$ cat final_31.cif   # mmCIF, C-alpha atoms
data_coords
#
loop_
_atom_site.group_PDB
_atom_site.id
_atom_site.type_symbol
_atom_site.label_atom_id
_atom_site.label_comp_id
_atom_site.auth_asym_id
_atom_site.auth_seq_id
_atom_site.Cartn_x
_atom_site.Cartn_y
_atom_site.Cartn_z
ATOM 1 C CA MET A 1 -22.695 44.646 74.780
ATOM 2 C CA ALA A 2 -20.139 46.701 76.767
ATOM 3 C CA VAL A 3 -18.846 49.568 74.639
ATOM 4 C CA PRO A 4 -16.351 51.531 76.709
ATOM 5 C CA ASP A 5 -15.925 54.591 74.501
ATOM 6 C CA GLU A 6 -18.031 57.683 73.862
ATOM 7 C CA ASP A 7 -19.390 56.282 70.586
ATOM 8 C CA ALA A 8 -21.315 53.615 72.496
ATOM 9 C CA ASP A 9 -24.771 55.168 72.204
ATOM 10 C CA LEU A 10 -24.280 56.009 68.547
ATOM 11 C CA VAL A 11 -23.216 52.460 67.708
ATOM 12 C CA ARG A 12 -26.261 51.042 69.506
ATOM 13 C CA SER A 13 -28.584 53.479 67.735
ATOM 14 C CA ALA A 14 -27.004 52.721 64.344
ATOM 15 C CA ILE A 15 -27.465 48.982 64.905
ATOM 16 C CA GLY A 16 -31.084 49.752 65.757
ATOM 17 C CA GLY A 17 -31.508 51.397 62.345
ATOM 18 C CA ASP A 18 -30.835 55.060 63.148
ATOM 19 C CA ASP A 19 -29.031 56.391 60.055
ATOM 20 C CA GLU A 20 -28.371 59.769 61.650
ATOM 21 C CA ALA A 21 -26.391 58.021 64.405
ATOM 22 C CA PHE A 22 -24.149 56.356 61.847
ATOM 23 C CA ALA A 23 -23.746 59.673 59.996
ATOM 24 C CA GLU A 24 -22.509 61.172 63.270
ATOM 25 C CA LEU A 25 -19.980 58.331 63.622
ATOM 26 C CA VAL A 26 -18.761 59.058 60.087
ATOM 27 C CA ARG A 27 -18.504 62.761 60.963
ATOM 28 C CA ARG A 28 -16.426 61.975 64.057
ATOM 29 C CA HIS A 29 -14.014 59.519 62.467
ATOM 30 C CA LYS A 30 -13.722 60.631 58.827
ATOM 31 C CA GLY A 31 -10.584 62.705 59.499
ATOM 32 C CA THR A 32 -8.637 59.785 60.949
ATOM 33 C CA VAL A 33 -9.786 57.365 58.265
ATOM 34 C CA LEU A 34 -9.086 59.755 55.380
ATOM 35 C CA ARG A 35 -5.655 60.787 56.698
ATOM 36 C CA ARG A 36 -4.660 57.130 56.869
ATOM 37 C CA ALA A 37 -6.082 56.324 53.429
ATOM 38 C CA ALA A 38 -4.272 59.360 51.970
ATOM 39 C CA ARG A 39 -0.947 57.609 52.655
ATOM 40 C CA PHE A 40 -1.977 54.934 50.134
ATOM 41 C CA ALA A 41 -4.253 56.726 47.650
ATOM 42 C CA ARG A 42 -2.832 58.052 44.409
ATOM 43 C CA ASP A 43 -5.364 60.860 44.009
ATOM 44 C CA HIS A 44 -8.481 62.397 45.559
ATOM 45 C CA ALA A 45 -10.825 60.036 43.661
ATOM 46 C CA GLU A 46 -9.068 56.992 45.085
ATOM 47 C CA LEU A 47 -9.006 58.593 48.534
ATOM 48 C CA GLU A 48 -12.776 59.098 48.332
ATOM 49 C CA ASP A 49 -13.230 55.450 47.301
ATOM 50 C CA LEU A 50 -11.051 54.104 50.114
ATOM 51 C CA GLY A 51 -12.818 56.280 52.679
ATOM 52 C CA GLN A 52 -16.297 55.295 51.495
ATOM 53 C CA GLU A 53 -15.402 51.605 51.302
ATOM 54 C CA THR A 54 -14.132 51.720 54.901
ATOM 55 C CA PHE A 55 -17.392 53.172 56.231
ATOM 56 C CA LEU A 56 -19.540 50.893 54.057
ATOM 57 C CA ARG A 57 -17.780 47.816 55.442
ATOM 58 C CA ALA A 58 -18.113 49.224 58.961
ATOM 59 C CA PHE A 59 -21.844 49.752 58.441
ATOM 60 C CA ARG A 60 -22.281 46.246 57.041
ATOM 61 C CA ASP A 61 -20.333 44.616 59.901
ATOM 62 C CA LEU A 62 -21.587 46.850 62.707
ATOM 63 C CA ARG A 63 -23.273 43.903 64.426
ATOM 64 C CA SER A 64 -19.949 42.087 64.631
ATOM 65 C CA PHE A 65 -18.477 44.979 66.667
ATOM 66 C CA ARG A 66 -18.110 43.397 70.100
ATOM 67 C CA GLY A 67 -17.291 46.601 71.926
ATOM 68 C CA ASP A 68 -14.246 45.270 73.804
ATOM 69 C CA ALA A 69 -12.154 48.036 72.196
ATOM 70 C CA PRO A 70 -13.102 51.602 71.226
ATOM 71 C CA PHE A 71 -15.036 52.027 67.998
ATOM 72 C CA GLY A 72 -12.150 54.064 66.533
ATOM 73 C CA HIS A 73 -9.724 51.144 66.905
ATOM 74 C CA TRP A 74 -12.166 48.744 65.278
ATOM 75 C CA LEU A 75 -12.666 51.207 62.421
ATOM 76 C CA SER A 76 -8.884 51.640 62.044
ATOM 77 C CA ARG A 77 -8.474 47.917 61.452
ATOM 78 C CA ILE A 78 -11.136 48.049 58.740
ATOM 79 C CA ALA A 79 -9.417 51.051 57.130
ATOM 80 C CA VAL A 80 -6.061 49.239 57.114
ATOM 81 C CA ARG A 81 -7.686 46.180 55.547
ATOM 82 C CA VAL A 82 -9.350 48.324 52.860
ATOM 83 C CA CYS A 83 -6.024 50.032 52.039
ATOM 84 C CA TYR A 84 -4.224 46.677 51.907
ATOM 85 C CA ASP A 85 -6.868 45.282 49.534
ATOM 86 C CA ALA A 86 -6.473 48.369 47.336
ATOM 87 C CA LEU A 87 -2.684 47.938 47.232
ATOM 88 C CA ARG A 88 -3.040 44.271 46.246
ATOM 89 C CA LYS A 89 -5.567 45.116 43.539
ATOM 90 C CA ARG A 90 -3.267 47.833 42.210
ATOM 91 C CA ARG A 91 -0.353 45.406 42.228
ATOM 92 C CA ARG A 92 -2.313 42.936 40.117
ATOM 93 C CA GLU A 93 -3.247 45.693 37.650
ATOM 94 C CA GLU A 94 0.329 46.943 37.408
ATOM 95 C CA LYS A 95 1.894 43.495 37.090
ATOM 96 C CA ASP A 96 2.634 44.046 33.431
ATOM 97 C CA VAL A 97 4.432 47.331 34.076
ATOM 98 C CA SER A 98 8.168 46.716 34.383
ATOM 99 C CA LEU A 99 10.312 48.556 36.886
ATOM 100 C CA GLU A 100 11.952 50.426 34.019
ATOM 101 C CA ASP A 101 8.564 51.905 33.123
ATOM 102 C CA LEU A 102 8.263 53.563 36.491
ATOM 103 C CA ALA A 103 9.287 57.190 36.658
ATOM 104 C CA ALA A 104 12.838 57.931 37.708
ATOM 105 C CA PRO A 105 13.210 59.837 40.997
ATOM 106 C CA VAL A 106 12.622 63.529 40.460
ATOM 107 C CA ALA A 107 15.218 66.164 41.191
ATOM 108 C CA ASP A 108 14.682 68.208 44.302
ATOM 109 C CA PRO A 109 13.935 71.852 43.450
ATOM 110 C CA SER A 110 15.187 72.979 46.850
ATOM 111 C CA THR A 111 18.744 71.761 46.392
ATOM 112 C CA GLY A 112 21.216 73.500 48.582
ATOM 113 C CA ASN A 113 18.974 73.597 51.664
ATOM 114 C CA GLY A 114 18.537 69.794 51.811
ATOM 115 C CA PRO A 115 15.518 67.935 50.492
ATOM 116 C CA SER A 116 12.066 69.405 51.060
ATOM 117 C CA ALA A 117 9.147 67.552 52.673
ATOM 118 C CA GLN A 118 7.343 67.502 49.322
ATOM 119 C CA PHE A 119 10.386 66.030 47.571
ATOM 120 C CA ALA A 120 10.810 63.410 50.299
ATOM 121 C CA ARG A 121 7.167 62.427 49.969
ATOM 122 C CA ILE A 122 7.386 62.063 46.171
ATOM 123 C CA LEU A 123 10.653 60.147 46.337
ATOM 124 C CA LEU A 124 9.305 57.777 48.974
ATOM 125 C CA GLU A 125 6.050 57.368 47.056
ATOM 126 C CA GLN A 126 7.984 56.279 43.968
ATOM 127 C CA ALA A 127 10.232 53.932 45.902
ATOM 128 C CA MET A 128 7.340 52.453 47.892
ATOM 129 C CA SER A 129 5.270 51.817 44.770
ATOM 130 C CA ARG A 130 7.792 49.063 43.967
ATOM 131 C CA LEU A 131 7.297 47.277 47.267
ATOM 132 C CA LYS A 132 5.021 44.307 47.847
ATOM 133 C CA PRO A 133 1.611 45.422 49.218
ATOM 134 C CA GLY A 134 2.193 43.910 52.667
ATOM 135 C CA ASP A 135 5.679 45.414 52.960
ATOM 136 C CA ARG A 136 4.383 48.793 51.903
ATOM 137 C CA LEU A 137 1.526 48.672 54.384
ATOM 138 C CA VAL A 138 3.859 47.820 57.255
ATOM 139 C CA ILE A 139 6.528 50.403 56.438
ATOM 140 C CA THR A 140 3.877 53.121 56.015
ATOM 141 C CA LEU A 141 2.278 52.402 59.394
ATOM 142 C CA PHE A 142 5.661 51.928 61.019
ATOM 143 C CA GLU A 143 7.617 54.875 59.616
ATOM 144 C CA LEU A 144 5.108 57.428 58.335
ATOM 145 C CA GLU A 145 2.452 56.964 61.023
ATOM 146 C CA ASP A 146 5.105 56.286 63.669
ATOM 147 C CA ARG A 147 3.320 53.205 65.041
ATOM 148 C CA SER A 148 5.015 50.576 67.199
ATOM 149 C CA VAL A 149 5.453 46.972 66.080
ATOM 150 C CA ARG A 150 2.708 45.909 68.484
ATOM 151 C CA GLU A 151 0.304 48.545 67.111
ATOM 152 C CA VAL A 152 1.039 47.544 63.513
ATOM 153 C CA ALA A 153 0.455 43.891 64.436
ATOM 154 C CA ALA A 154 -2.875 44.774 66.057
ATOM 155 C CA LEU A 155 -3.951 46.855 63.062
ATOM 156 C CA THR A 156 -3.021 44.297 60.434
ATOM 157 C CA GLY A 157 -3.843 41.142 62.374
ATOM 158 C CA TRP A 158 -0.351 39.776 61.631
ATOM 159 C CA SER A 159 2.130 38.469 64.202
ATOM 160 C CA GLU A 160 4.799 40.826 65.545
ATOM 161 C CA THR A 161 7.506 38.648 63.967
ATOM 162 C CA ARG A 162 5.839 38.901 60.583
ATOM 163 C CA VAL A 163 5.572 42.677 60.966
ATOM 164 C CA LYS A 164 9.271 42.951 61.868
ATOM 165 C CA VAL A 165 10.300 40.793 58.912
ATOM 166 C CA ARG A 166 8.179 42.820 56.510
ATOM 167 C CA ALA A 167 9.474 46.122 57.898
ATOM 168 C CA PHE A 168 13.076 44.961 57.574
ATOM 169 C CA ARG A 169 12.531 43.713 54.037
ATOM 170 C CA ALA A 170 10.787 46.934 53.014
ATOM 171 C CA ARG A 171 13.556 49.046 54.502
ATOM 172 C CA GLN A 172 16.235 47.096 52.677
ATOM 173 C CA ALA A 173 14.365 47.469 49.394
ATOM 174 C CA LEU A 174 13.855 51.196 49.956
ATOM 175 C CA LYS A 175 17.540 51.721 50.732
ATOM 176 C CA ARG A 176 18.492 49.963 47.522
ATOM 177 C CA SER A 177 15.901 51.894 45.570
ATOM 178 C CA ILE A 178 16.785 55.330 46.929
ATOM 179 C CA GLY A 179 20.498 54.631 46.691
ATOM 180 C CA GLY A 180 20.040 53.830 42.993
ATOM 181 C CA ASP A 181 21.025 50.170 43.440
ATOM 182 C CA ASP A 182 17.677 48.404 43.289
ATOM 183 C CA GLY A 183 19.046 45.106 42.088
ATOM 184 C CA ARG A 184 17.839 45.384 38.500
ATOM 185 C CA MET B 1 33.354 50.286 53.558
ATOM 186 C CA ASP B 2 30.111 48.564 52.618
ATOM 187 C CA ASP B 3 28.793 48.933 56.182
ATOM 188 C CA LYS B 4 29.484 52.650 56.056
ATOM 189 C CA ARG B 5 27.585 52.882 52.805
ATOM 190 C CA HIS B 6 24.643 51.101 54.400
ATOM 191 C CA ASP B 7 24.785 53.377 57.429
ATOM 192 C CA ARG B 8 24.710 56.391 55.159
ATOM 193 C CA ARG B 9 21.651 54.987 53.379
ATOM 194 C CA ASP B 10 19.913 54.293 56.672
ATOM 195 C CA VAL B 11 20.488 57.866 57.758
ATOM 196 C CA GLU B 12 19.317 59.146 54.391
ATOM 197 C CA LEU B 13 16.173 57.010 54.493
ATOM 198 C CA ASP B 14 15.362 58.115 58.046
ATOM 199 C CA ARG B 15 15.760 61.730 56.940
ATOM 200 C CA TYR B 16 13.271 61.179 54.101
ATOM 201 C CA PHE B 17 10.812 59.516 56.470
ATOM 202 C CA ALA B 18 11.143 62.361 58.971
ATOM 203 C CA LEU B 19 10.512 64.920 56.225
ATOM 204 C CA ALA B 20 7.556 62.968 54.810
ATOM 205 C CA ARG B 21 6.020 62.758 58.298
ATOM 206 C CA GLN B 22 6.083 66.551 58.478
ATOM 207 C CA LYS B 23 3.875 66.790 55.424
ATOM 208 C CA THR B 24 0.316 66.043 56.529
ATOM 209 C CA PRO B 25 -1.789 64.711 53.660
ATOM 210 C CA ASP B 26 -4.339 67.219 52.377
ATOM 211 C CA ILE B 27 -7.776 65.700 52.803
ATOM 212 C CA SER B 28 -9.848 68.897 52.942
ATOM 213 C CA GLY B 29 -11.332 68.408 49.458
ATOM 214 C CA VAL B 30 -12.629 64.930 50.263
ATOM 215 C CA GLU B 31 -13.604 65.658 53.867
ATOM 216 C CA ARG B 32 -16.215 68.249 52.889
ATOM 217 C CA GLY B 33 -19.678 66.642 52.790
ATOM 218 C CA PHE B 34 -18.118 63.192 53.053
ATOM 219 C CA GLU B 35 -20.725 61.820 55.496
ATOM 220 C CA THR B 36 -23.545 62.872 53.134
ATOM 221 C CA ARG B 37 -22.016 60.873 50.296
ATOM 222 C CA VAL B 38 -21.388 57.855 52.519
ATOM 223 C CA MET B 39 -24.990 57.847 53.734
ATOM 224 C CA ALA B 40 -26.216 58.181 50.130
ATOM 225 C CA ARG B 41 -24.198 55.095 49.178
ATOM 226 C CA ILE B 42 -25.541 53.182 52.164
ATOM 227 C CA ARG B 43 -29.121 54.018 51.161
ATOM 228 C CA GLU B 44 -28.314 53.047 47.576
ATOM 229 C CA SER B 45 -26.847 49.686 48.609
ATOM 230 C CA ARG B 46 -29.900 49.037 50.778
ATOM 231 C CA GLU B 47 -32.241 49.574 47.840
ATOM 232 C CA GLU B 48 -30.338 47.187 45.599
ATOM 233 C CA ARG B 49 -32.400 44.011 45.486
ATOM 234 C CA VAL B 50 -30.850 40.651 44.759
ATOM 235 C CA PRO B 51 -32.267 39.290 41.449
ATOM 236 C CA TRP B 52 -33.987 35.877 41.521
ATOM 237 C CA TYR B 53 -31.330 34.207 39.354
ATOM 238 C CA ALA B 54 -28.670 35.180 41.878
ATOM 239 C CA TRP B 55 -30.633 33.239 44.491
ATOM 240 C CA ALA B 56 -30.907 30.278 42.105
ATOM 241 C CA TRP B 57 -27.121 30.188 41.798
ATOM 242 C CA ARG B 58 -26.717 30.525 45.552
ATOM 243 C CA LEU B 59 -28.964 27.496 46.061
ATOM 244 C CA VAL B 60 -26.896 25.245 43.753
ATOM 245 C CA PRO B 61 -24.621 23.962 46.589
ATOM 246 C CA VAL B 62 -27.681 23.231 48.724
ATOM 247 C CA PHE B 63 -29.288 21.128 46.014
ATOM 248 C CA LEU B 64 -25.976 19.436 45.258
ATOM 249 C CA ALA B 65 -25.559 18.482 48.912
ATOM 250 C CA LEU B 66 -29.143 17.220 49.003
ATOM 251 C CA THR B 67 -28.598 15.074 45.906
ATOM 252 C CA LEU B 68 -25.413 13.557 47.326
ATOM 253 C CA LEU B 69 -27.173 12.874 50.621
ATOM 254 C CA LEU B 70 -30.055 11.092 48.879
ATOM 255 C CA ALA B 71 -27.664 9.111 46.678
ATOM 256 C CA GLY B 72 -25.682 8.021 49.722
ATOM 257 C CA TRP B 73 -28.862 7.102 51.555
ATOM 258 C CA SER B 74 -30.122 4.953 48.691
ATOM 259 C CA VAL B 75 -26.742 3.135 48.463
ATOM 260 C CA LEU B 76 -26.534 2.492 52.209
ATOM 261 C CA TYR B 77 -30.151 1.569 52.651
ATOM 262 C CA PRO B 78 -31.454 -0.099 49.449
ATOM 263 C CA PRO B 79 -35.245 -0.116 49.194
ATOM 264 C CA VAL B 80 -37.024 -3.219 50.407
ATOM 265 C CA HIS B 81 -39.792 -4.573 48.082
ATOM 266 C CA PRO B 82 -42.668 -5.534 50.367
ATOM 267 C CA VAL B 83 -45.571 -7.618 49.136
ATOM 268 C CA ASP B 84 -48.092 -5.141 47.814
ATOM 269 C CA PRO B 85 -51.579 -6.383 48.750
ATOM 270 C CA VAL B 86 -53.275 -3.978 46.347
ATOM 271 C CA ALA B 87 -51.191 -5.253 43.430
ATOM 272 C CA MET B 88 -51.864 -8.802 44.436
ATOM 273 C CA LEU B 89 -55.556 -8.145 44.603
ATOM 274 C CA ALA B 90 -55.448 -6.370 41.262
ATOM 275 C CA SER B 91 -53.550 -9.215 39.554
ATOM 276 C CA GLY B 92 -55.781 -11.781 41.311
ATOM 277 C CA SER B 93 -58.962 -10.187 40.083
ATOM 278 C CA GLN B 94 -57.578 -10.056 36.539
ATOM 279 C CA GLU B 95 -56.929 -13.790 36.631
ATOM 280 C CA VAL B 96 -60.417 -14.398 37.936
ATOM 281 C CA ALA B 97 -61.843 -12.252 35.164
ATOM 282 C CA LEU B 98 -59.760 -14.123 32.546
ATOM 283 C CA LEU B 99 -60.846 -17.476 33.948
ATOM 284 C CA ASP B 100 -64.469 -16.371 33.882
ATOM 285 C CA ASN B 101 -64.079 -15.297 30.278
ATOM 286 C CA LEU B 102 -62.472 -18.588 29.190
ATOM 287 C CA THR B 103 -64.931 -20.807 30.981
ATOM 288 C CA GLY B 104 -67.816 -18.724 29.789
ATOM 289 C CA GLU B 105 -69.141 -18.058 33.278
#
$ encode --input "final_31.cif" --output "structure tokens"
Amino acid sequence: MAVPDEDADLVRSAIGGDDEAFAELVRRHKGTVLRRAARFARDHAELEDLGQETFLRAFRDLRSFRGDAPFGHWLSRIAVRVCYDALRKRRREEKDVSLEDLAAPVADPSTGNGPSAQFARILLEQAMSRLKPGDRLVITLFELEDRSVREVAALTGWSETRVKVRAFRARQALKRSIGGDDGR
Amino acid sequence: MDDKRHDRRDVELDRYFALARQKTPDISGVERGFETRVMARIRESREERVPWYAWAWRLVPVFLALTLLLAGWSVLYPPVHPVDPVAMLASGSQEVALLDNLTGE
């Protein structure tokens, strides 16, 4: 197995049953995984769950890691998959909640100086909660994480065309939602 | 007119995205001791044993496939009834015994 990155030895040791090696991998990559999951989690409890689920799946599938890409990239794809699954599960749970039940956009406390970062985040969070899980995943990776179409396609496993279509659709929906004309 | 409105919304949306990008999510509370909790969950999942009835359910498709295979085999290749020498001998000896009894030998 040819693992080109600096996690190579740790991955090999973890596969061999060395728990401390896997703990070190968690230590190294937890920041990246948690920052990504935080874009999708509603609170700290959900963030903890998404983070743990990512590393549990990685541990379970460690033998399937071929090593043709860095461990961090492989882990990123798992994290994206975990977040997507969480969004779909949430969507199923919230199916009975109508759009009217969702909170109306909040007023920006910093009016006069333009919207604040906090206000923008809350407003986007509310608007994005109405998107389909796949559209939300793509627009988050694309706009908030500033990833390219190719990177988003690699992370999600979808074609570049599908990513572009989803991003366009999400953007249109967000514009309608933020502009107060969400087609209700 | 409508195009202008859409342009304005695009600009507005991009501004919101740019602002939201500035705000890094706060993960400090979860990050602390995270690896300890992950390793605890891994150990916990390792200790969880699969109960026997779960295995029984997992074997249902195997047995189903086996049954279908045997049924197919018996339809394609019906059993041949060969002459059983033991049965013949057994029935033959019974007749001899009956004959002996009737003739009084």
$ resolve_selection --input "final_31.cif" --expression "the PyMOL selection byres ((chain A) within 6 of (chain B))" --output "JSON, numbers by chain"
{"A": [23, 26, 27, 52, 117, 120, 121, 144, 175]}
$ atom_distance --input "final_31.cif" --atom1 "CA of His44 in chain A" --atom2 "CA of Trp158 in chain A"
28.9 Å
$ atom_distance --input "final_31.cif" --atom1 "CA of Arg77 in chain A" --atom2 "CA of Leu155 in chain A"
4.9 Å
$ residues_around --input "final_31.cif" --residues "Arg63 in chain A" --least-positions-apart "4" --cutoff "12 Å" --atoms "only C-alpha atoms" --output "ChimeraX atom specification"
/A:1,11-17,57-59,67
$ atom_distance --input "final_31.cif" --atom1 "CA of Ser148 in chain A" --atom2 "CA of Val82 in chain A"
20.4 Å
$ axis_aligned_box --input "final_31.cif" --around "range 40-56 of chain B" --padding-each-side "4 Å" --output "AutoDock Vina command-line options"
--center_x -29.1 --center_y 44.2 --center_z 45.8 --size_x 17.8 --size_y 35.9 --size_z 20.8
$ closest_residue --input "final_31.cif" --among "B:Trp55, B:Thr103, B:Leu76, B:Ala40" --to "Glu20 in chain A" --atoms "all atoms listed in the file"
B:Ala40
$ closest_residue --input "final_31.cif" --among "A:Ala154, A:Ala127, A:Leu62, A:Leu174" --to "Ser76 in chain A" --atoms "only C-alpha atoms"
A:Ala154
$ closest_residue --input "final_31.cif" --among "A:Ile122, A:Ala21, A:Val80, A:Asp9" --to "Leu34 in chain A" --atoms "only C-alpha atoms"
A:Val80
$ closest_residue --input "final_31.cif" --among "A:Glu151, A:Glu24, A:Asp146, A:Asp135" --to "Arg166 in chain A" --atoms "all atoms listed in the file"
A:Asp135
$ decode --input "final_31.cif" --residues "range 47-71 of chain B" --atoms "N, CA and C atoms" --output "PDB file, in the first residue's frame"
ATOM      1  N   GLU B  47     -16.769  -3.827  21.801  1.00  0.00           N
ATOM      2  CA  GLU B  47     -17.247  -4.751  22.828  1.00  0.00           C
ATOM      3  C   GLU B  47     -18.670  -5.240  22.579  1.00  0.00           C
ATOM      4  N   GLU B  48     -19.396  -4.515  21.739  1.00  0.00           N
ATOM      5  CA  GLU B  48     -20.775  -4.918  21.461  1.00  0.00           C
ATOM      6  C   GLU B  48     -20.774  -6.210  20.664  1.00  0.00           C
ATOM      7  N   ARG B  49     -21.328  -7.269  21.267  1.00  0.00           N
ATOM      8  CA  ARG B  49     -21.365  -8.552  20.569  1.00  0.00           C
ATOM      9  C   ARG B  49     -22.695  -8.701  19.837  1.00  0.00           C
ATOM     10  N   VAL B  50     -22.649  -9.363  18.713  1.00  0.00           N
ATOM     11  CA  VAL B  50     -23.872  -9.580  17.945  1.00  0.00           C
ATOM     12  C   VAL B  50     -24.640 -10.735  18.579  1.00  0.00           C
ATOM     13  N   PRO B  51     -25.911 -10.535  18.988  1.00  0.00           N
ATOM     14  CA  PRO B  51     -26.677 -11.628  19.605  1.00  0.00           C
ATOM     15  C   PRO B  51     -26.958 -12.751  18.603  1.00  0.00           C
ATOM     16  N   TRP B  52     -27.172 -13.972  19.146  1.00  0.00           N
ATOM     17  CA  TRP B  52     -27.331 -15.151  18.274  1.00  0.00           C
ATOM     18  C   TRP B  52     -28.513 -15.021  17.328  1.00  0.00           C
ATOM     19  N   TYR B  53     -29.620 -14.368  17.806  1.00  0.00           N
ATOM     20  CA  TYR B  53     -30.790 -14.277  16.929  1.00  0.00           C
ATOM     21  C   TYR B  53     -30.548 -13.356  15.736  1.00  0.00           C
ATOM     22  N   ALA B  54     -29.609 -12.415  15.908  1.00  0.00           N
ATOM     23  CA  ALA B  54     -29.257 -11.559  14.772  1.00  0.00           C
ATOM     24  C   ALA B  54     -28.584 -12.396  13.685  1.00  0.00           C
ATOM     25  N   TRP B  55     -27.752 -13.340  14.122  1.00  0.00           N
ATOM     26  CA  TRP B  55     -27.101 -14.242  13.161  1.00  0.00           C
ATOM     27  C   TRP B  55     -28.126 -15.119  12.459  1.00  0.00           C
ATOM     28  N   ALA B  56     -29.136 -15.593  13.255  1.00  0.00           N
ATOM     29  CA  ALA B  56     -30.178 -16.439  12.670  1.00  0.00           C
ATOM     30  C   ALA B  56     -30.886 -15.699  11.537  1.00  0.00           C
ATOM     31  N   TRP B  57     -31.192 -14.422  11.779  1.00  0.00           N
ATOM     32  CA  TRP B  57     -31.862 -13.631  10.742  1.00  0.00           C
ATOM     33  C   TRP B  57     -30.942 -13.420   9.542  1.00  0.00           C
ATOM     34  N   ARG B  58     -29.652 -13.228   9.822  1.00  0.00           N
ATOM     35  CA  ARG B  58     -28.715 -13.007   8.723  1.00  0.00           C
ATOM     36  C   ARG B  58     -28.570 -14.247   7.841  1.00  0.00           C
ATOM     37  N   LEU B  59     -28.829 -15.425   8.454  1.00  0.00           N
ATOM     38  CA  LEU B  59     -28.656 -16.669   7.690  1.00  0.00           C
ATOM     39  C   LEU B  59     -29.898 -17.041   6.874  1.00  0.00           C
ATOM     40  N   VAL B  60     -31.001 -16.310   7.086  1.00  0.00           N
ATOM     41  CA  VAL B  60     -32.247 -16.624   6.359  1.00  0.00           C
ATOM     42  C   VAL B  60     -32.031 -16.633   4.840  1.00  0.00           C
ATOM     43  N   PRO B  61     -31.400 -15.613   4.249  1.00  0.00           N
ATOM     44  CA  PRO B  61     -31.199 -15.656   2.778  1.00  0.00           C
ATOM     45  C   PRO B  61     -30.371 -16.850   2.327  1.00  0.00           C
ATOM     46  N   VAL B  62     -29.414 -17.255   3.157  1.00  0.00           N
ATOM     47  CA  VAL B  62     -28.566 -18.399   2.799  1.00  0.00           C
ATOM     48  C   VAL B  62     -29.410 -19.664   2.715  1.00  0.00           C
ATOM     49  N   PHE B  63     -30.235 -19.870   3.742  1.00  0.00           N
ATOM     50  CA  PHE B  63     -31.089 -21.058   3.756  1.00  0.00           C
ATOM     51  C   PHE B  63     -32.121 -21.012   2.631  1.00  0.00           C
ATOM     52  N   LEU B  64     -32.627 -19.827   2.358  1.00  0.00           N
ATOM     53  CA  LEU B  64     -33.608 -19.664   1.284  1.00  0.00           C
ATOM     54  C   LEU B  64     -32.973 -20.050  -0.054  1.00  0.00           C
ATOM     55  N   ALA B  65     -31.771 -19.568  -0.275  1.00  0.00           N
ATOM     56  CA  ALA B  65     -31.060 -19.871  -1.526  1.00  0.00           C
ATOM     57  C   ALA B  65     -30.802 -21.383  -1.632  1.00  0.00           C
ATOM     58  N   LEU B  66     -30.449 -21.971  -0.512  1.00  0.00           N
ATOM     59  CA  LEU B  66     -30.165 -23.410  -0.468  1.00  0.00           C
ATOM     60  C   LEU B  66     -31.418 -24.219  -0.804  1.00  0.00           C
ATOM     61  N   THR B  67     -32.543 -23.793  -0.240  1.00  0.00           N
ATOM     62  CA  THR B  67     -33.820 -24.474  -0.487  1.00  0.00           C
ATOM     63  C   THR B  67     -34.194 -24.397  -1.969  1.00  0.00           C
ATOM     64  N   LEU B  68     -34.054 -23.192  -2.536  1.00  0.00           N
ATOM     65  CA  LEU B  68     -34.391 -23.005  -3.948  1.00  0.00           C
ATOM     66  C   LEU B  68     -33.483 -23.855  -4.832  1.00  0.00           C
ATOM     67  N   LEU B  69     -32.221 -23.911  -4.463  1.00  0.00           N
ATOM     68  CA  LEU B  69     -31.239 -24.699  -5.219  1.00  0.00           C
ATOM     69  C   LEU B  69     -31.613 -26.177  -5.206  1.00  0.00           C
ATOM     70  N   LEU B  70     -31.977 -26.678  -4.020  1.00  0.00           N
ATOM     71  CA  LEU B  70     -32.351 -28.092  -3.890  1.00  0.00           C
ATOM     72  C   LEU B  70     -33.642 -28.393  -4.643  1.00  0.00           C
ATOM     73  N   ALA B  71     -34.598 -27.439  -4.570  1.00  0.00           N
ATOM     74  CA  ALA B  71     -35.865 -27.623  -5.276  1.00  0.00           C
ATOM     75  C   ALA B  71     -35.616 -27.677  -6.780  1.00  0.00           C
TER      76      ALA B  71
END
